[in-house]
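First up is the structure itself, then whatever we jot down about it.
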Amino acid sequence: MPYEMKTEGMEEISRMLTELGEKAQSVAALGLFDGASVMRDELERGAGSIRTAPFQFAPPGQTRLPSPEEKDIIVNAGVGIARFDKNGSEVDTSVGYSARGYAYLKDKLKPVPLIANAINSGTSFMRKQAFVRKAVRSGGSKASDAIREKIESLVEGMTNK
Amino acid sequence: MPSEYEALVAALKLTSTPVAEYGWKTRPEGAYYVVSLESETGRFNADGERLDRSWEGSLDLFYPKLTDRDDLIEATEEILAETFGASWYMNSTQYETGTGLFHVEWVFEAIDEPEQDPLLAAPAEEENPEEGDT
């Protein structure tokens with residue numbers, strides 16, 4: 001499930017960017033890359049904290065924890081940053097598990113996002129561990145701080161020349 | 001436990017009847033809910049004391065294909081609105097191909113209400129001894 005992140009209080013940054021003119025988009029993209037990197041680190045940390053238990057079928061009326069093999073798939077797959085979507089003055093990207101990522105689980109190829117989603121939002125047989133929502137909430141302010149710092153330092157470097 | 005969370009658990013009527021087999025067939029036959037409190041999201045401190053804190057949790061509804069979907073979701077959202085006011089949202093809807101169950105997820109925020117809120121409590125009336133007649 002996608003989680004959207006919006007940042008407020010960046011009026012000063014957006015004024016700086018409009019003054020830059022044509023270079024604004026690339027400066028914003030560099031800032032966004034730093035923010036996306038912070039979110040990627042948070043997500044990987046969240047994936048590392050998933051609780052596991054040796055595999056067994058869920059007992060009647062109960063749920064099970066993910067097996068260590070399932071956790072390994074998510075941890076080893078890593079989190080990616082999507083190609084930047086530049087539209088006019090806006091820059092947009094996504095952070096998450098690739099829809100084209102597959103891994104072997106019990107000699108069968110399984111999509112990585114499917115396993116991640118089963119753990120993140122829970123199923124009728126898997127206990128829920130919402131590590132993505134937790135990462136978005138805890139990393140949101142850190143990511144916007146990283147974006148702000150990067151853009152401010154870039155703008156300072158350009159105007160001081 | 002936040003009182004709002006306890007009210008939600010009391011308001012939900014569980015209709016599940018577990019089937020005593022392992023594997024895919026262990027799912028209940030009817031619709032059922034899973035409620036969980038996940039983590040602390042906010043806190044309010046004053047005078048070196050924790051006065052209030054809020055929790056994030058989620059409510060998951062699982063129901064089989066032939067259930068009347070709209071009635072069930074409407075009834076659940078009414079319960080959520082009564083319990084939490086506006087602090088909840090529908091996060092996702094999914095379908096499990098293996099079990100044939102639909103899965104709807106709501107996220108809510110519950111407040112851990114203290115027994116007596118010192119800020120909202122009425123200020124103690126100062127005793128103003130009436131001045132004696134002079």
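For the structure tokens, the naming scheme is as follows: chains receive sequential letters (A, B, ...) according to their order of presentation, residues are indexed from 1 within each chain, and ligands are indexed from 1 in presentation order.
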What are the closest atom pairs, with distances in Å to one decimal, for all residues of chain A lying within 9 Å of chain B? Consider only C-alpha atoms, order rows by chain and residue number, and present the result as CSV.
residue,atom,partner,partner_atom,distance
A:Met1,CA,B:Ser92,CA,6.7
A:Phe57,CA,B:Gly23,CA,5.7
A:Ala58,CA,B:Gly23,CA,6.8
A:Pro59,CA,B:Tyr22,CA,6.2
A:Pro60,CA,B:Thr26,CA,4.9
A:Gly61,CA,B:Pro18,CA,5.3
A:Gln62,CA,B:Thr26,CA,8.5
A:Ser121,CA,B:Glu105,CA,7.8
A:Gly122,CA,B:Asp60,CA,8.6
A:Thr123,CA,B:His103,CA,7.6
A:Ser124,CA,B:Arg27,CA,7.0
A:Phe125,CA,B:Arg27,CA,7.9
A:Lys128,CA,B:Ser36,CA,8.7
A:Gln129,CA,B:Glu38,CA,8.4
A:Ala130,CA,B:Glu38,CA,8.0
A:Lys134,CA,B:Ser39,CA,8.3
A:Arg137,CA,B:Thr41,CA,8.5
Selection above as a file: N, CA and C atoms, as a compact mmCIF listing (two decimals), in the first residue's frame:
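Generated output (result.txt):
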# COMPACT_ATOMS: atom_id res chain seq x y z
N MET A 1 0.85 -1.19 0.00
CA MET A 1 0.00 0.00 0.00
C MET A 1 0.88 1.24 0.00
N PHE A 57 2.40 -23.97 10.33
CA PHE A 57 1.10 -23.50 9.85
C PHE A 57 0.37 -22.83 11.00
N ALA A 58 -0.40 -21.81 10.65
CA ALA A 58 -1.13 -21.08 11.70
C ALA A 58 -2.12 -22.01 12.38
N PRO A 59 -2.09 -22.09 13.72
CA PRO A 59 -3.07 -22.93 14.42
C PRO A 59 -4.49 -22.41 14.19
N PRO A 60 -5.49 -23.23 14.38
CA PRO A 60 -6.88 -22.80 14.12
C PRO A 60 -7.24 -21.56 14.91
N GLY A 61 -7.79 -20.59 14.22
CA GLY A 61 -8.22 -19.38 14.89
C GLY A 61 -7.09 -18.48 15.32
N GLN A 62 -5.86 -18.77 14.92
CA GLN A 62 -4.73 -17.93 15.32
C GLN A 62 -3.92 -17.54 14.09
N SER A 121 0.76 -5.56 6.39
CA SER A 121 -0.65 -5.32 6.71
C SER A 121 -1.34 -6.56 7.24
N GLY A 122 -0.63 -7.67 7.36
CA GLY A 122 -1.22 -8.86 7.96
C GLY A 122 -2.17 -9.57 7.03
N THR A 123 -2.34 -10.85 7.23
CA THR A 123 -3.34 -11.61 6.47
C THR A 123 -4.14 -12.43 7.47
N SER A 124 -5.00 -13.29 6.96
CA SER A 124 -5.81 -14.09 7.88
C SER A 124 -4.95 -15.13 8.59
N PHE A 125 -3.71 -15.37 8.11
CA PHE A 125 -2.85 -16.35 8.78
C PHE A 125 -1.55 -15.74 9.29
N LYS A 128 0.16 -9.18 12.05
CA LYS A 128 0.52 -7.91 11.42
C LYS A 128 1.70 -7.25 12.13
N GLN A 129 2.67 -6.77 11.36
CA GLN A 129 3.76 -5.95 11.91
C GLN A 129 3.95 -4.78 10.96
N ALA A 130 3.32 -3.65 11.29
CA ALA A 130 3.26 -2.54 10.35
C ALA A 130 4.57 -1.78 10.33
N LYS A 134 5.24 2.55 10.36
CA LYS A 134 6.08 3.04 11.46
C LYS A 134 7.28 3.82 10.90
N ARG A 137 6.24 7.25 9.59
CA ARG A 137 5.97 8.22 10.64
C ARG A 137 7.25 8.70 11.32
Neighbours of Leu43 in chain A within 10 Å (only C-alpha atoms; same-chain residues fewer than 6 positions away dropped), as a ChimeraX atom specification? /A:37,49,75,78-79,95-97,131-136,138-139
What lies within 10 Å of Leu20 in chain A using only C-alpha atoms, ignoring chain neighbours under 5 positions off, as a compact mmCIF listing (two decimals) with C-alpha atoms, in the first residue's frame?
# COMPACT_ATOMS: atom_id res chain seq x y z
CA SER A 14 10.37 27.15 -2.40
CA ARG A 15 11.12 30.89 -2.60
CA GLN A 25 14.43 21.40 -10.64
CA VAL A 27 18.52 21.34 -7.05
CA VAL A 155 21.67 27.35 -2.81
CA MET A 158 25.50 28.82 -5.86
CA THR A 159 24.75 32.33 -4.58
As a PyMOL selection string, please: every residue in range 34-120 of chain A that a backbone DSSP assignment puts in helix (DSSP H, G or I). chain A and resi 34-48+68-77+112-120
So that I have them on file, write out the residues from the current selection with C-alpha atoms, as a PDB file, in the first residue's frame.
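And here is the file that came out, again.pdb:
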ATOM      1  CA  ASP A  34      18.779  12.854   0.206  1.00  0.00           C
ATOM      2  CA  GLY A  35      15.286  12.695   1.692  1.00  0.00           C
ATOM      3  CA  ALA A  36      14.514   9.463  -0.136  1.00  0.00           C
ATOM      4  CA  SER A  37      17.799   7.985   1.131  1.00  0.00           C
ATOM      5  CA  VAL A  38      16.730   8.727   4.711  1.00  0.00           C
ATOM      6  CA  MET A  39      13.390   6.997   4.099  1.00  0.00           C
ATOM      7  CA  ARG A  40      15.175   4.021   2.535  1.00  0.00           C
ATOM      8  CA  ASP A  41      17.421   3.670   5.603  1.00  0.00           C
ATOM      9  CA  GLU A  42      14.391   3.894   7.914  1.00  0.00           C
ATOM     10  CA  LEU A  43      12.561   1.203   5.935  1.00  0.00           C
ATOM     11  CA  GLU A  44      15.569  -1.115   5.961  1.00  0.00           C
ATOM     12  CA  ARG A  45      15.902  -0.596   9.704  1.00  0.00           C
ATOM     13  CA  GLY A  46      12.199  -1.382  10.118  1.00  0.00           C
ATOM     14  CA  ALA A  47      12.557  -4.550   8.047  1.00  0.00           C
ATOM     15  CA  GLY A  48      15.459  -5.606  10.249  1.00  0.00           C
ATOM     16  CA  PRO A  68      13.268 -16.345   9.328  1.00  0.00           C
ATOM     17  CA  GLU A  69      13.460 -17.265   5.629  1.00  0.00           C
ATOM     18  CA  GLU A  70      10.714 -14.770   4.789  1.00  0.00           C
ATOM     19  CA  LYS A  71      12.460 -12.058   6.780  1.00  0.00           C
ATOM     20  CA  ASP A  72      15.770 -12.827   5.029  1.00  0.00           C
ATOM     21  CA  ILE A  73      14.119 -12.318   1.647  1.00  0.00           C
ATOM     22  CA  ILE A  74      12.904  -8.842   2.633  1.00  0.00           C
ATOM     23  CA  VAL A  75      16.170  -7.828   4.289  1.00  0.00           C
ATOM     24  CA  ASN A  76      18.307  -9.082   1.391  1.00  0.00           C
ATOM     25  CA  ALA A  77      16.059  -7.583  -1.297  1.00  0.00           C
ATOM     26  CA  VAL A 112       9.117  -9.733  -2.743  1.00  0.00           C
ATOM     27  CA  PRO A 113       6.393  -7.027  -2.401  1.00  0.00           C
ATOM     28  CA  LEU A 114       3.820  -9.761  -1.783  1.00  0.00           C
ATOM     29  CA  ILE A 115       5.772 -11.082   1.209  1.00  0.00           C
ATOM     30  CA  ALA A 116       6.448  -7.557   2.475  1.00  0.00           C
ATOM     31  CA  ASN A 117       2.764  -6.678   2.213  1.00  0.00           C
ATOM     32  CA  ALA A 118       1.709  -9.873   3.996  1.00  0.00           C
ATOM     33  CA  ILE A 119       3.906  -8.910   6.948  1.00  0.00           C
ATOM     34  CA  ASN A 120       3.132  -5.186   6.857  1.00  0.00           C
TER      35      ASN A 120
END
Using backbone DSSP assignments, extract all strand (DSSP E or B) residues from chain A; output them as a PyMOL selection string. chain A and resi 64+80-81+85-87+90-92+95-96+102-105+108-111+126
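Each of A:Lys142, A:Arg64, A:Phe33, A:Tyr104 was compared to Gly80 in chain A using only C-alpha atoms, and A:Phe33 turns out to be the nearest.
Proximity to Leu12 in chain B at 10 Å, evaluated using only C-alpha atoms and with sequence-adjacent residues fewer than 2 positions away removed, yields Ala7, Leu8, Val9, Ala10, Leu14, Thr15, Tyr32, Tyr33, Val34, Val35, Ala75, Thr76, Ile79 and Leu80 of chain B.
In this structure, CA of Met1 in chain B sits 14.6 Å away from CA of Thr83 in chain B.
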